[in-house]
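Visitor: Structure incoming, see below.
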Amino acid sequence: MTTNQLAAVWELCRQGLPLLADEAAQCWNQGRPFRVQLGVRVGRAIELLIEQCNWEVERHVEAA
(Lines give C-alpha, C1' and ligand atoms only; values in the text may rest on other atoms or scores of the structure.)
Protein backbone atom coordinates (compact mmCIF):
# COMPACT_ATOMS: atom_id res chain seq x y z
CA MET A 1 0.00 0.00 0.00
CA THR A 2 1.11 3.53 -0.68
CA THR A 3 1.72 6.17 1.94
CA ASN A 4 -1.57 7.88 1.03
CA GLN A 5 -3.48 4.61 1.30
CA LEU A 6 -2.03 3.91 4.73
CA ALA A 7 -2.91 7.46 5.79
CA ALA A 8 -6.49 7.01 4.55
CA VAL A 9 -6.88 3.71 6.40
CA TRP A 10 -5.49 5.26 9.58
CA GLU A 11 -7.77 8.28 9.25
CA LEU A 12 -10.86 6.11 8.73
CA CYS A 13 -9.95 4.15 11.87
CA ARG A 14 -9.34 7.38 13.78
CA GLN A 15 -12.81 8.58 12.79
CA GLY A 16 -14.33 5.40 14.23
CA LEU A 17 -14.83 3.57 10.94
CA PRO A 18 -12.55 0.51 11.21
CA LEU A 19 -14.75 -1.72 9.04
CA LEU A 20 -14.71 0.89 6.30
CA ALA A 21 -10.93 1.12 6.68
CA ASP A 22 -10.64 -2.65 6.23
CA GLU A 23 -12.82 -2.50 3.12
CA ALA A 24 -10.71 0.32 1.66
CA ALA A 25 -7.46 -1.55 2.33
CA GLN A 26 -8.86 -4.70 0.74
CA CYS A 27 -9.97 -2.82 -2.39
CA TRP A 28 -6.63 -1.07 -2.83
CA ASN A 29 -4.64 -4.25 -2.19
CA GLN A 30 -6.66 -5.91 -4.94
CA GLY A 31 -6.04 -3.01 -7.32
CA ARG A 32 -9.62 -1.73 -7.20
CA PRO A 33 -10.85 1.76 -6.33
CA PHE A 34 -12.71 2.15 -3.05
CA ARG A 35 -16.11 3.82 -2.91
CA VAL A 36 -17.60 5.01 0.37
CA GLN A 37 -20.98 3.39 0.99
CA LEU A 38 -24.09 5.47 0.50
CA GLY A 39 -25.23 7.02 3.76
CA VAL A 40 -21.75 7.01 5.31
CA ARG A 41 -20.41 10.51 5.91
CA VAL A 42 -16.70 11.25 6.08
CA GLY A 43 -14.97 14.59 6.18
CA ARG A 44 -13.96 16.44 3.02
CA ALA A 45 -10.26 15.91 3.73
CA ILE A 46 -10.66 12.12 3.89
CA GLU A 47 -12.84 12.19 0.75
CA LEU A 48 -10.00 13.92 -1.10
CA LEU A 49 -7.47 11.46 0.30
CA ILE A 50 -9.61 8.51 -0.84
CA GLU A 51 -9.89 10.08 -4.32
CA GLN A 52 -6.09 10.38 -4.43
CA CYS A 53 -5.70 6.75 -3.36
CA ASN A 54 -8.15 5.61 -6.03
CA TRP A 55 -6.23 7.61 -8.63
CA GLU A 56 -2.99 5.89 -7.53
CA VAL A 57 -4.64 2.47 -7.91
CA GLU A 58 -5.99 3.32 -11.35
CA ARG A 59 -2.61 4.67 -12.50
CA HIS A 60 -0.85 1.55 -11.24
CA VAL A 61 -3.31 -0.71 -13.12
CA GLU A 62 -2.88 1.35 -16.32
CA ALA A 63 0.89 1.11 -16.07
CA ALA A 64 0.85 -2.67 -15.66
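As shown in the C-alpha coordinates, the chain order sets the letters A, B, ...; within each chain, residues go from 1, and ligands are also counted from 1 in the order they appear.
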Output as a ChimeraX atom specification all residues of chain A that backbone DSSP marks as alpha helix (DSSP H).
Guide: /A:3-14,18-29,44-63
Visitor: Can I get the selection written as a tab-separated table (two decimals), in the first residue's frame, with N, CA and C atoms?
Guide:
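That gives us selection-v9.tsv:
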```tsv
chain	number	residue	atom	x	y	z
A	3	THR	N	1.78	5.32	0.75
A	3	THR	CA	1.72	6.17	1.94
A	3	THR	C	0.34	6.80	2.08
A	4	ASN	N	-0.23	7.28	0.98
A	4	ASN	CA	-1.57	7.88	1.03
A	4	ASN	C	-2.63	6.86	1.45
A	5	GLN	N	-2.52	5.65	0.94
A	5	GLN	CA	-3.48	4.61	1.30
A	5	GLN	C	-3.40	4.27	2.78
A	6	LEU	N	-2.19	4.17	3.30
A	6	LEU	CA	-2.03	3.91	4.73
A	6	LEU	C	-2.60	5.06	5.55
A	7	ALA	N	-2.38	6.29	5.09
A	7	ALA	CA	-2.91	7.46	5.79
A	7	ALA	C	-4.44	7.45	5.78
A	8	ALA	N	-5.03	7.06	4.65
A	8	ALA	CA	-6.49	7.01	4.55
A	8	ALA	C	-7.06	5.94	5.48
A	9	VAL	N	-6.43	4.78	5.51
A	9	VAL	CA	-6.88	3.71	6.40
A	9	VAL	C	-6.78	4.16	7.85
A	10	TRP	N	-5.67	4.78	8.22
A	10	TRP	CA	-5.49	5.26	9.58
A	10	TRP	C	-6.54	6.30	9.92
A	11	GLU	N	-6.80	7.22	9.00
A	11	GLU	CA	-7.77	8.28	9.25
A	11	GLU	C	-9.18	7.72	9.40
A	12	LEU	N	-9.54	6.75	8.59
A	12	LEU	CA	-10.86	6.11	8.73
A	12	LEU	C	-10.99	5.44	10.11
A	13	CYS	N	-9.94	4.76	10.53
A	13	CYS	CA	-9.95	4.15	11.87
A	13	CYS	C	-10.07	5.21	12.95
A	14	ARG	N	-9.32	6.30	12.80
A	14	ARG	CA	-9.34	7.38	13.78
A	14	ARG	C	-10.73	8.00	13.90
A	18	PRO	N	-13.55	1.54	11.50
A	18	PRO	CA	-12.55	0.51	11.21
A	18	PRO	C	-13.00	-0.49	10.14
A	19	LEU	N	-14.28	-0.79	10.06
A	19	LEU	CA	-14.75	-1.72	9.04
A	19	LEU	C	-14.62	-1.10	7.65
A	20	LEU	N	-14.88	0.17	7.56
A	20	LEU	CA	-14.71	0.89	6.30
A	20	LEU	C	-13.23	0.94	5.92
A	21	ALA	N	-12.37	1.11	6.91
A	21	ALA	CA	-10.93	1.12	6.68
A	21	ALA	C	-10.47	-0.23	6.15
A	22	ASP	N	-10.98	-1.31	6.71
A	22	ASP	CA	-10.64	-2.65	6.23
A	22	ASP	C	-11.09	-2.85	4.79
A	23	GLU	N	-12.29	-2.38	4.48
A	23	GLU	CA	-12.82	-2.50	3.12
A	23	GLU	C	-11.96	-1.71	2.14
A	24	ALA	N	-11.56	-0.50	2.52
A	24	ALA	CA	-10.71	0.32	1.66
A	24	ALA	C	-9.37	-0.37	1.41
A	25	ALA	N	-8.75	-0.87	2.46
A	25	ALA	CA	-7.46	-1.55	2.33
A	25	ALA	C	-7.59	-2.77	1.41
A	26	GLN	N	-8.65	-3.52	1.57
A	26	GLN	CA	-8.86	-4.70	0.74
A	26	GLN	C	-9.01	-4.31	-0.73
A	27	CYS	N	-9.79	-3.29	-1.01
A	27	CYS	CA	-9.97	-2.82	-2.39
A	27	CYS	C	-8.63	-2.42	-2.99
A	28	TRP	N	-7.90	-1.57	-2.30
A	28	TRP	CA	-6.63	-1.07	-2.83
A	28	TRP	C	-5.61	-2.18	-2.99
A	29	ASN	N	-5.57	-3.13	-2.06
A	29	ASN	CA	-4.64	-4.25	-2.19
A	29	ASN	C	-4.97	-5.13	-3.39
A	44	ARG	N	-14.43	16.08	4.36
A	44	ARG	CA	-13.96	16.44	3.02
A	44	ARG	C	-12.50	16.07	2.83
A	45	ALA	N	-11.68	16.23	3.85
A	45	ALA	CA	-10.26	15.91	3.73
A	45	ALA	C	-10.06	14.42	3.44
A	46	ILE	N	-10.80	13.56	4.12
A	46	ILE	CA	-10.66	12.12	3.89
A	46	ILE	C	-11.25	11.74	2.53
A	47	GLU	N	-12.30	12.43	2.09
A	47	GLU	CA	-12.84	12.19	0.75
A	47	GLU	C	-11.77	12.46	-0.31
A	48	LEU	N	-11.05	13.57	-0.15
A	48	LEU	CA	-10.00	13.92	-1.10
A	48	LEU	C	-8.86	12.91	-1.05
A	49	LEU	N	-8.53	12.46	0.15
A	49	LEU	CA	-7.47	11.46	0.30
A	49	LEU	C	-7.87	10.15	-0.37
A	50	ILE	N	-9.11	9.74	-0.20
A	50	ILE	CA	-9.61	8.51	-0.84
A	50	ILE	C	-9.57	8.66	-2.37
A	51	GLU	N	-9.96	9.83	-2.88
A	51	GLU	CA	-9.89	10.08	-4.32
A	51	GLU	C	-8.45	9.95	-4.82
A	52	GLN	N	-7.50	10.49	-4.06
A	52	GLN	CA	-6.09	10.38	-4.43
A	52	GLN	C	-5.65	8.92	-4.44
A	53	CYS	N	-6.06	8.17	-3.44
A	53	CYS	CA	-5.70	6.75	-3.36
A	53	CYS	C	-6.29	5.98	-4.54
A	54	ASN	N	-7.53	6.28	-4.89
A	54	ASN	CA	-8.15	5.61	-6.03
A	54	ASN	C	-7.41	5.96	-7.32
A	55	TRP	N	-6.99	7.20	-7.45
A	55	TRP	CA	-6.23	7.61	-8.63
A	55	TRP	C	-4.92	6.83	-8.70
A	56	GLU	N	-4.24	6.66	-7.56
A	56	GLU	CA	-2.99	5.89	-7.53
A	56	GLU	C	-3.22	4.46	-7.98
A	57	VAL	N	-4.32	3.85	-7.53
A	57	VAL	CA	-4.64	2.47	-7.91
A	57	VAL	C	-4.89	2.39	-9.41
A	58	GLU	N	-5.67	3.32	-9.92
A	58	GLU	CA	-5.99	3.32	-11.35
A	58	GLU	C	-4.74	3.54	-12.20
A	59	ARG	N	-3.86	4.43	-11.77
A	59	ARG	CA	-2.61	4.67	-12.50
A	59	ARG	C	-1.73	3.44	-12.48
A	60	HIS	N	-1.69	2.75	-11.35
A	60	HIS	CA	-0.85	1.55	-11.24
A	60	HIS	C	-1.38	0.45	-12.16
A	61	VAL	N	-2.69	0.31	-12.25
A	61	VAL	CA	-3.31	-0.71	-13.12
A	61	VAL	C	-3.05	-0.37	-14.58
A	62	GLU	N	-3.14	0.92	-14.95
A	62	GLU	CA	-2.88	1.35	-16.32
A	62	GLU	C	-1.44	1.09	-16.73
A	63	ALA	N	-0.52	1.27	-15.79
A	63	ALA	CA	0.89	1.11	-16.07
A	63	ALA	C	1.29	-0.37	-16.22
```
